[in-house]
Structures are given as C-alpha cells and as structure tokens.
2 protein chains.
Amino acid sequence: MPSLNPAELIVKKRDGGRHSAAELEALIQAVVSGEIADYQLSAWLMACYFRGLDQDETVALTRAMLASGKAVNLGRLRRAKIDKHSTGGVGDKVSLCLAPLVAACGVVVPMIAGRGLGHTGGTLDKLEAIPGFRVDLKMRAFERILGRLGTAIVGQTDELAPADRKLYALRDVTGTVESIPLIVASILSKKLAAGLDGLVLDVKVGRGAFMKDLQAARVLGRALVRVGRKNGLRVVALLSDMNAPLGRTVGNALEVREAIEVLQGGGPADTRELTLALGTEMLLLAQRTNAGSARRELEQALASGRALDLLRRMITAQGGDARVVDDPARLPRARFQVRVSAPHDGVVGNIDARELGSCAIGLGAGRLRADQRVDPAAGIELLARPGERVQRGQPLAILHAARRSQTVPLLARVAAAFELRKRPSPARPLILGRIRS
Amino acid sequence: MPSLNPAELIVKKRDGGRHSAAELEALIQAVVSGEIADYQLSAWLMACYFRGLDQDETVALTRAMLASGKAVNLGRLRRAKIDKHSTGGVGDKVSLCLAPLVAACGVVVPMIAGRGLGHTGGTLDKLEAIPGFRVDLKMRAFERILGRLGTAIVGQTDELAPADRKLYALRDVTGTVESIPLIVASILSKKLAAGLDGLVLDVKVGRGAFMKDLQAARVLGRALVRVGRKNGLRVVALLSDMNAPLGRTVGNALEVREAIEVLQGGGPADTRELTLALGTEMLLLAQRTNAGSARRELEQALASGRALDLLRRMITAQGGDARVVDDPARLPRARFQVRVSAPHDGVVGNIDARELGSCAIGLGAGRLRADQRVDPAAGIELLARPGERVQRGQPLAILHAARRSQTVPLLARVAAAFELRKRPSPARPLILGRIRS
C-alpha cells in the first residue's frame, strides 16, 4: 500500500490522470480512519465530477468502499439473494410490494433501503408509517429474519460500507452528488455489502427523476451493470418513466396503503406493472425460470395471498402492527383532507412528478435536509391520472396535511402540476429500456 | 447582502454559472467569519479551477478579498506608491535591488513580500539572511519607515486581506493553486491592501516558472493588468525568461550578496538588466518621466551610491546589521563549499532553473512545506553562465551547505542541470514581452 499524499492525488485527478486500485484503496482507508481532511476529500470529489473515473477506477473504488466495512453474512442461505434498487422517484412504493412478493417466490430479498430527500421519497420513511415498524435492526437480527422469512427491509448501518456514508454526506453539501462513477460506487458498494448474488436496478427517467433524459439514464444503467458485473454481481437495469408520479399516492402512509392494494391483487395499473416487471427480472437473475413463467409465478403469489401474508409476517418480525394490512384505517391519517379541483375541462396530460414531490415536502411528507422529520400521514392522493378526461370543478387530487395552513399555498401549485389538454396525448410506455451486460 | 447557501454557490459554479458581486462578497465574508466550511470552500475552489471566473467575477472577488481586512494607510505621503511583484523564480533577488533603487528616485515602494515555497525563492527569506533583519513589522511601523525612507519590505500580516491567507492555505493543499483568476485575485487583493497607485508585474516564463510557456504567461499578465485597472490600480507586466536562474546565485545570503553588488553598480548583467527594466516601469507608472530619462535616473542612483545608501538605512530601520553592505563576510557563510565540475568540454546552453531550485531545497536553502525552516547560508553559486565555454574538470558551480552529506546526492544532479553543447545556442532575450492596458 503506497503512503497517501492527498494533495498529489487531487492534482492527479484534476489533471485527468487515472488512479491505481492501490491509490483508491489507500484513499478509502484514509476516509474511514479520518487521515484525509474533508477539505481535501471534497476537492478530490469535485475533480472526479469534472474528470470522471473510468471503469477500472470505478470498479476499484467500489471494491475499496465495500472493503471499508463488514458484509451481511448470508452464506448459509442456499437460495439466491436478489435485491432491487431505484435511483429515486415520486410515489415509488414498489419496494414495499416487491420484497414480500419475490420472497414469496422463494428468492431471498435482503433489502437495505434509504430515506427520502428533496422531492424523492424513501422506502424507510414509508415503512415507518406502519405503527411500531423498526428499520434500524442490527445486522444479526437482519440475518435472522432473512433466514426465517426470506426478506426484511432495513436501513444502512455504520457497519456496512462506512466510507460510503461519509463520502455521501460530504457530496451532499459540496455539489458533488451528480457524478455517474461516484453514484455507481455508492450504490454498488452498499449492495455488495448486503451479500447479494444479483441486483435489479430501476433507473428512473424524466422530470421527477435524477436522470432527466433517456440517454443519461442509459449511461448510468450501463455503468451500473458493467461495474456490478466486474465486482461479481449479476446486474440488470430497467429504465422506467418518472415524468408523472407512480400510482395514485405520494406520501408515506398513503403509499403503504397502495402497496397493500397491489399485494391484494389490485392497485393502480402502473404500480402493479412495474412491480411485476422488476419482480420478473429478479426471478430471472435468480436463474430459476424464464420470463413467462417468472411472471406467472409472481401473479400466482399475488392471487394466492402468499405475498400479502409475507408482508404481514415481515411487518411483525420488524416490530410493526401487521393489522394495518387488513385494516388500513390503522395507518396514520392526516387531520385535514383538502380537494384540488380542475380549473377547466380537459384530458390529463402529464402530471409533474417533480412539482408534486416538492409540494409533498410542503405538506410535511418529505424533507429538504437529512435531519428533518417527516409526517407519515401527509401527502397527495391523485384522483385523476394521465389520459383521463376531467370536467371543470372535478377533483384532481386530495392533499393530506396536519394543518390546513400547509395546504393553502399548495392548492394552485398542485392544480398547475396537472397538464389539462384539449386532446389526449399518446400514452407513454412505463418501461423505456432494459440493460443487461 | 443575500444569505449565503454554500452548496448552491458550489453547484452554480460547477455548472458554469456566473457569480454576482454580492455572492462573492457574501462568500468572502463567510470565509473570514468561518461560516463556510473548509470542505465546501475547497469544492468551490476546484469548481473555479475547472470553470474559471470571468473578468467581472475576478474584479469582484479581488475587491471582496481586499475589503476583508485593513489597508495600509499611506494617504499622507504625497509621492506615488509603486510596487513590483514577481510570479516566482529561481535566483530572483531583484526586489532587494529594486526597493532601495526606486525609492532613491523619489517613489514610495511599500513592498509586502512572500516566502519561498518549492523550487522558488522568497524575498522575506533572503532579507532574513541579514543578521537581525525583521520582516514582521506592525502596520504602524511599516507606515513610519515608508514615510521616512520611502521603502520597507515586510511580510503579509493577518490584518491585510485575511481572506487571501485562508484561501491560499487551503488552495495549497487541495490542488487549486493553478487557477488564473484565483491567482489574480490573490496577488491584487494584497497589493491593493498595501495602498498602491501602481504595480509592475514580473511574470516569469519557462522551466523554472509557474508559467511554462509564453502564451500562458501572457494570459496571466493580461488578466492581472485588466483586473488591476478595474480596481483602480495602474498595472504593467513584463514577461521575463526563467529557464535559467537569474544571476549567479541561488540561496538566501548568496543572493543578498549579489543584490548588494548590483546596487554597487556591478553584479551579473541579467540581474542588473532586469532590475533596471522593472525599475524603469515603476518610474513610468509614477508618471514622472519618460523611459529614457527613467533609466538614466536609475543608473545615476546606482552610480552615486544613493541606492546603496538607502539599502543600508532600510536594513537599519528594520533591525538588521547594515554593515553587511560594506562587509559581506558578515553574512552567514556555509561550513562546506563543494565544487561541481564539468563532465566534458562544451558551451553552456540552458541551466535548468527548476532543477537547481529543487537542489537548493536539498541543501537547506528552500522548503517544501510552509512550516519548514531554511538555512540562510545554503545555496548554489553558478560559476558558468549560458553561452560560456567550459573545459572538462572546470568548476560549473559551488554548493554551499551546513553538512557535506547534503551535497553528495546533489553533485550529479547539479552537473546535469548544466546543458553542455558542442556549439553555442543563440542567446535568449531576458525580457520576452510587455503588457499594458
């Protein structure tokens, strides 16, 4: 291991040089030990933003970040361990459906999820809307539940890829989040630490997503697939539309309710469809089946109630009140529900996902800074969806909030987020692409 | 004054945006107050490295850095206040000659100088080779000596442009020194704080300089001239060769001796010529004369002994032993002098300034880190100069060191720094260009 000269490392990357695996290992060790100053690390991150990291560097960085901590030990579980990761969207409750559904088909789904930030939601916040549900399990407890049920959803601990936690916190406040290789290393190091065999990525594309256009999403998807593969992880990426929110709800308890509906065999068509598409990829990565039979297996797990039952058991295992599954009234409910009406007749075109995500923050359902609390009951119910015809005065959405005053400044914004057209626009596909190495 | 959101400011520059004067003011205030974290500042500096600052931004940054501290108060001095600043070279003792020489011609030269770092030397280190000489004067003492003698040379204090001190220290360890607008703002904010009317820049060009080629040096020179002008400072820049060291000495006491020789009317031709060229520009900026009579005035000040006398008085005023001027044996002298001989016959081509500067560090004459001490007696005397014919075994240089062991690894390096050619190469001009707004 060469001794680390942080200033030289920064200048090397600044001038477009390539880091060796040993350099990146030394850097990440220095990050964990605190030997490199934050001000040097952030200058290096900004140099990476401009100069990039090539595939070998990204592979090495991922590996070094993985090696910075412990890994979940799932070696004694014989079944395939497959997870799904989304790059972040609005109304995306698919993880809540997918973990019990795929586990009900015999695949282990050890899901390490995140919290919402900015206009995008987070799976942990959604689960915590279930009374009593705990996401801060110790690694041993996580392993135990996975062994017993085949799935559990927890937050990242300090034990897993600690270098990523530190780097991410710094990137968040230094304008260095938006770098493909840094994103790839961050996602994959955490997923590798979870002991996975395969990973399905849901790369969101559109106004409400981190990637605004298909081309950028493809670049990210390809990098994730290739770097994952180089680190021994089978990866497939679906590119999915995130111009409009997914489904009919944005907000934590509201989304749990929608996820339960999907697991009951109902729910909005797009939420159900994305769940089945991603679930199919997960079963394919588990190498158990072909696409047609994978989908049928998932549909049977929904129809038979096995997936729903697994959700009940997972909630119980993680300390939550599983009665919410059959009695959603037990979920937190906001004191105020305020209707937003259509200002004129029309056909709903797009619904601006980014704007609704931003309005949801105003209602208390999301956060702008990592240290803010969220209101589990707050959020937005969409009563009209793209392609539906509405008349003037007809409700487009219902805002859920603890205080009526929170809704007042948002009424016009939420109404304006619904594009009302004279003629219907052509329906957009939900799945825009698939990337496999 | 808008409230500062550091992360937004970083992203703005990262994405190629332009900062308003108010934003830069708020940023520099936050630097001085410590409100902005170093890790955010360094990310912003790296974004500036890649995206640059345009002229208006550089003017505003310079002004904000000037406003971050006090300014030297020279208002009661009626004479023009003119200084010289060099971008750093090897063997460059011109400031020691220039300050007393130009002051002897009736111009106030309030010189705030720096220390050596890396292969380049610093005027403060050279002056401190004079027994007793103090460069850490309070601002009031500086003003008093200027009023009495017309010149003094001191170090930067915490009172002058404190934001620059902090920014420079951070840039030094985060690979963000090499940015033209940041260099310009750093130089000019300090010079403006010194209460100048005019500034002559010596932009060094070549292997031993920060700017390796003429084009890059021109870009820096033009930026300094224009941004200075916009801040009400008359600026002219000379571009001068720094492929070979200036004069015949590299090392602090050795260079003081050479500077005294120049003020006595002798010294190496190039040191004398650069002193007169820069001095002429200083008198022209003082608007007292034309180029021909300016040069004659300087030559008379040398011939009459007035310049040398002013050096004596400046040394005394700053606590030093002025007897060194007439008895250079009073300067510190290294215990060991070791000759480096020509490996074969030839004509001296270039002498690698950067390499000799680097060897001087090995002898103790310079430093790699700002907190290292220097040996005032150490250095290199050049016995052969470009264009001179030498025979095998003839001495090329003498190394001065406190310990013989310091010289051993450098003998071959110093010899190799002398290019020995079969035929003389065409003489290079010393002054390569002049930039004036």
# chains A, B, ... in the order shown; residues from 1 in each chain; ligands from 1
>>> residues_around(residues="stretch 104-112 of chain A", least_positions_apart="5", cutoff="7 Å", atoms="only C-alpha atoms", output="PyMOL selection string")
chain A and resi 79-83+99+146+150-156+194+297-298+301+306-307+310
>>> write_last_selection(atoms="N, CA and C atoms", output="mmCIF file, in the first residue's frame")
data_model
loop_
_atom_site.group_PDB
_atom_site.id
_atom_site.type_symbol
_atom_site.label_atom_id
_atom_site.label_comp_id
_atom_site.auth_asym_id
_atom_site.auth_seq_id
_atom_site.Cartn_x
_atom_site.Cartn_y
_atom_site.Cartn_z
ATOM 1 N N ARG A 79 -30.540 -20.243 -1.009
ATOM 2 C CA ARG A 79 -31.290 -19.643 -2.114
ATOM 3 C C ARG A 79 -30.597 -18.383 -2.636
ATOM 4 N N ALA A 80 -30.930 -18.001 -3.872
ATOM 5 C CA ALA A 80 -30.344 -16.805 -4.478
ATOM 6 C C ALA A 80 -30.767 -15.570 -3.690
ATOM 7 N N LYS A 81 -29.822 -14.604 -3.544
ATOM 8 C CA LYS A 81 -30.116 -13.342 -2.851
ATOM 9 C C LYS A 81 -30.154 -12.225 -3.895
ATOM 10 N N ILE A 82 -31.332 -11.692 -4.083
ATOM 11 C CA ILE A 82 -31.528 -10.698 -5.135
ATOM 12 C C ILE A 82 -32.221 -9.475 -4.537
ATOM 13 N N ASP A 83 -31.756 -8.304 -4.917
ATOM 14 C CA ASP A 83 -32.377 -7.077 -4.419
ATOM 15 C C ASP A 83 -32.732 -6.182 -5.604
ATOM 16 N N ALA A 99 -40.494 -6.760 -2.197
ATOM 17 C CA ALA A 99 -39.740 -7.586 -1.251
ATOM 18 C C ALA A 99 -40.562 -8.804 -0.826
ATOM 19 N N LEU A 146 -34.081 -12.708 7.648
ATOM 20 C CA LEU A 146 -33.900 -13.172 6.261
ATOM 21 C C LEU A 146 -33.901 -14.697 6.209
ATOM 22 N N GLY A 150 -37.119 -14.859 4.455
ATOM 23 C CA GLY A 150 -36.633 -14.613 3.093
ATOM 24 C C GLY A 150 -36.577 -13.145 2.721
ATOM 25 N N THR A 151 -37.111 -12.284 3.559
ATOM 26 C CA THR A 151 -36.965 -10.851 3.260
ATOM 27 C C THR A 151 -37.057 -10.021 4.529
ATOM 28 N N ALA A 152 -36.436 -8.863 4.468
ATOM 29 C CA ALA A 152 -36.521 -7.841 5.507
ATOM 30 C C ALA A 152 -36.025 -6.570 4.843
ATOM 31 N N ILE A 153 -36.489 -5.436 5.354
ATOM 32 C CA ILE A 153 -36.054 -4.154 4.775
ATOM 33 C C ILE A 153 -35.520 -3.293 5.904
ATOM 34 N N VAL A 154 -34.246 -2.934 5.834
ATOM 35 C CA VAL A 154 -33.614 -2.177 6.915
ATOM 36 C C VAL A 154 -32.847 -0.994 6.348
ATOM 37 N N GLY A 155 -32.392 -0.132 7.259
ATOM 38 C CA GLY A 155 -31.561 0.999 6.862
ATOM 39 C C GLY A 155 -30.094 0.618 6.875
ATOM 40 N N GLN A 156 -29.291 1.445 6.230
ATOM 41 C CA GLN A 156 -27.842 1.213 6.219
ATOM 42 C C GLN A 156 -27.308 1.424 7.633
ATOM 43 N N ALA A 194 -24.401 -6.098 1.172
ATOM 44 C CA ALA A 194 -25.595 -6.817 1.607
ATOM 45 C C ALA A 194 -25.524 -8.294 1.216
ATOM 46 N N GLU A 297 -45.522 -16.975 -11.991
ATOM 47 C CA GLU A 297 -45.245 -17.321 -10.602
ATOM 48 C C GLU A 297 -45.560 -16.141 -9.682
ATOM 49 N N LEU A 298 -45.162 -14.926 -10.133
ATOM 50 C CA LEU A 298 -45.432 -13.717 -9.344
ATOM 51 C C LEU A 298 -46.940 -13.475 -9.248
ATOM 52 N N ALA A 301 -48.404 -15.728 -6.783
ATOM 53 C CA ALA A 301 -48.093 -15.350 -5.394
ATOM 54 C C ALA A 301 -48.993 -14.202 -4.941
ATOM 55 N N ARG A 306 -50.148 -15.311 -0.843
ATOM 56 C CA ARG A 306 -48.880 -15.638 -0.188
ATOM 57 C C ARG A 306 -47.999 -14.394 -0.027
ATOM 58 N N ALA A 307 -47.982 -13.528 -1.037
ATOM 59 C CA ALA A 307 -47.159 -12.314 -0.959
ATOM 60 C C ALA A 307 -47.670 -11.410 0.162
ATOM 61 N N LEU A 310 -46.728 -12.721 3.455
ATOM 62 C CA LEU A 310 -45.329 -12.487 3.783
ATOM 63 C C LEU A 310 -45.118 -11.043 4.255
#
>>> interface_residues(of="chain B", to="chain A", cutoff="7 Å", atoms="only C-alpha atoms", output="list in words")
Ala7, Ile10, Val11, Asp38, Tyr39, Gln40, Ser42, Ala43, Met46, Ala47, Val173, Thr174 and Gly175 of chain B
>>> write_last_selection(atoms="C-alpha atoms", output="compact mmCIF listing (two decimals), in the first residue's frame")
# COMPACT_ATOMS: atom_id res chain seq x y z
CA ALA B 7 -23.98 24.24 -1.58
CA ILE B 10 -20.81 25.49 -5.47
CA VAL B 11 -23.37 23.97 -7.84
CA ASP B 38 -13.46 24.38 4.52
CA TYR B 39 -14.79 21.33 2.68
CA GLN B 40 -17.31 23.49 0.87
CA SER B 42 -12.34 23.66 -1.40
CA ALA B 43 -15.08 22.16 -3.58
CA MET B 46 -11.97 23.21 -7.54
CA ALA B 47 -15.11 24.19 -9.46
CA VAL B 173 -3.30 21.53 -0.01
CA THR B 174 -6.24 20.95 -2.35
CA GLY B 175 -4.65 21.21 -5.79
>>> select_by_dssp(residues="stretch 165-402 of chain A", states="helix (DSSP H, G or I)", output="VMD selection string")
chain A and resid 165 to 173 180 to 193 214 to 230 252 to 263 269 to 285 291 to 303 306 to 317 322 to 325 328 to 330 353 to 362
>>> select_by_dssp(residues="stretch 61-261 of chain B", states="strand (DSSP E or B)", output="number ranges by chain")
B: 70, 81-86, 108-113, 117, 120, 151-155, 160, 198-205, 211, 234-241, 249-250
>>> residues_around(residues="stretch 405-418 of chain B", least_positions_apart="3", cutoff="9 Å", atoms="only C-alpha atoms", output="PyMOL selection string")
chain B and resi 336-343+348-356+359+362-364+384-386+396-397+399-402
>>> atom_distance(atom1="atom CA of B:Ala329", atom2="atom CA of B:Val256")
11.5 Å
>>> residues_around(residues="A:Val374", least_positions_apart="6", cutoff="9 Å", atoms="only C-alpha atoms", output="CSV table (one decimal) with N, CA, C and O atoms, in the first residue's frame")
chain,number,residue,atom,x,y,z
A,125,ASP,N,-38.9,5.7,5.2
A,125,ASP,CA,-39.9,6.6,5.7
A,125,ASP,C,-41.3,5.9,5.5
A,125,ASP,O,-42.2,6.1,6.3
A,252,ASN,N,-46.1,8.9,2.8
A,252,ASN,CA,-45.7,7.6,3.3
A,252,ASN,C,-46.8,6.7,3.6
A,252,ASN,O,-46.9,5.6,3.1
A,361,ILE,N,-43.3,17.9,0.1
A,361,ILE,CA,-42.5,18.4,1.2
A,361,ILE,C,-43.2,19.5,2.0
A,361,ILE,O,-43.2,19.5,3.2
A,364,GLY,N,-45.4,18.2,4.5
A,364,GLY,CA,-44.7,17.6,5.7
A,364,GLY,C,-44.3,16.1,5.3
A,364,GLY,O,-43.8,15.4,6.2
A,365,ALA,N,-44.6,15.7,4.1
A,365,ALA,CA,-44.4,14.3,3.8
A,365,ALA,C,-42.9,14.0,3.4
A,365,ALA,O,-42.5,12.8,3.4
A,366,GLY,N,-42.2,15.0,3.1
A,366,GLY,CA,-40.8,14.8,2.7
A,366,GLY,C,-39.9,15.8,3.5
A,366,GLY,O,-40.3,16.6,4.3
A,367,ARG,N,-38.6,15.8,3.1
A,367,ARG,CA,-37.6,16.6,3.8
A,367,ARG,C,-36.7,17.2,2.8
A,367,ARG,O,-36.4,16.7,1.7
>>> residues_around(residues="B:Asp213", least_positions_apart="6", cutoff="12 Å", atoms="only C-alpha atoms", output="list in words")
Val203, Lys204, Val205, Gly206, Arg207, Val219, Leu220, Leu239, Ser240, Asp241, Met242, Asn243 and Leu432 of chain B
>>> closest_residue(among="A:Leu4, A:Ala129, A:Ala303, A:Val135", to="A:Arg333", atoms="only C-alpha atoms")
A:Ala129
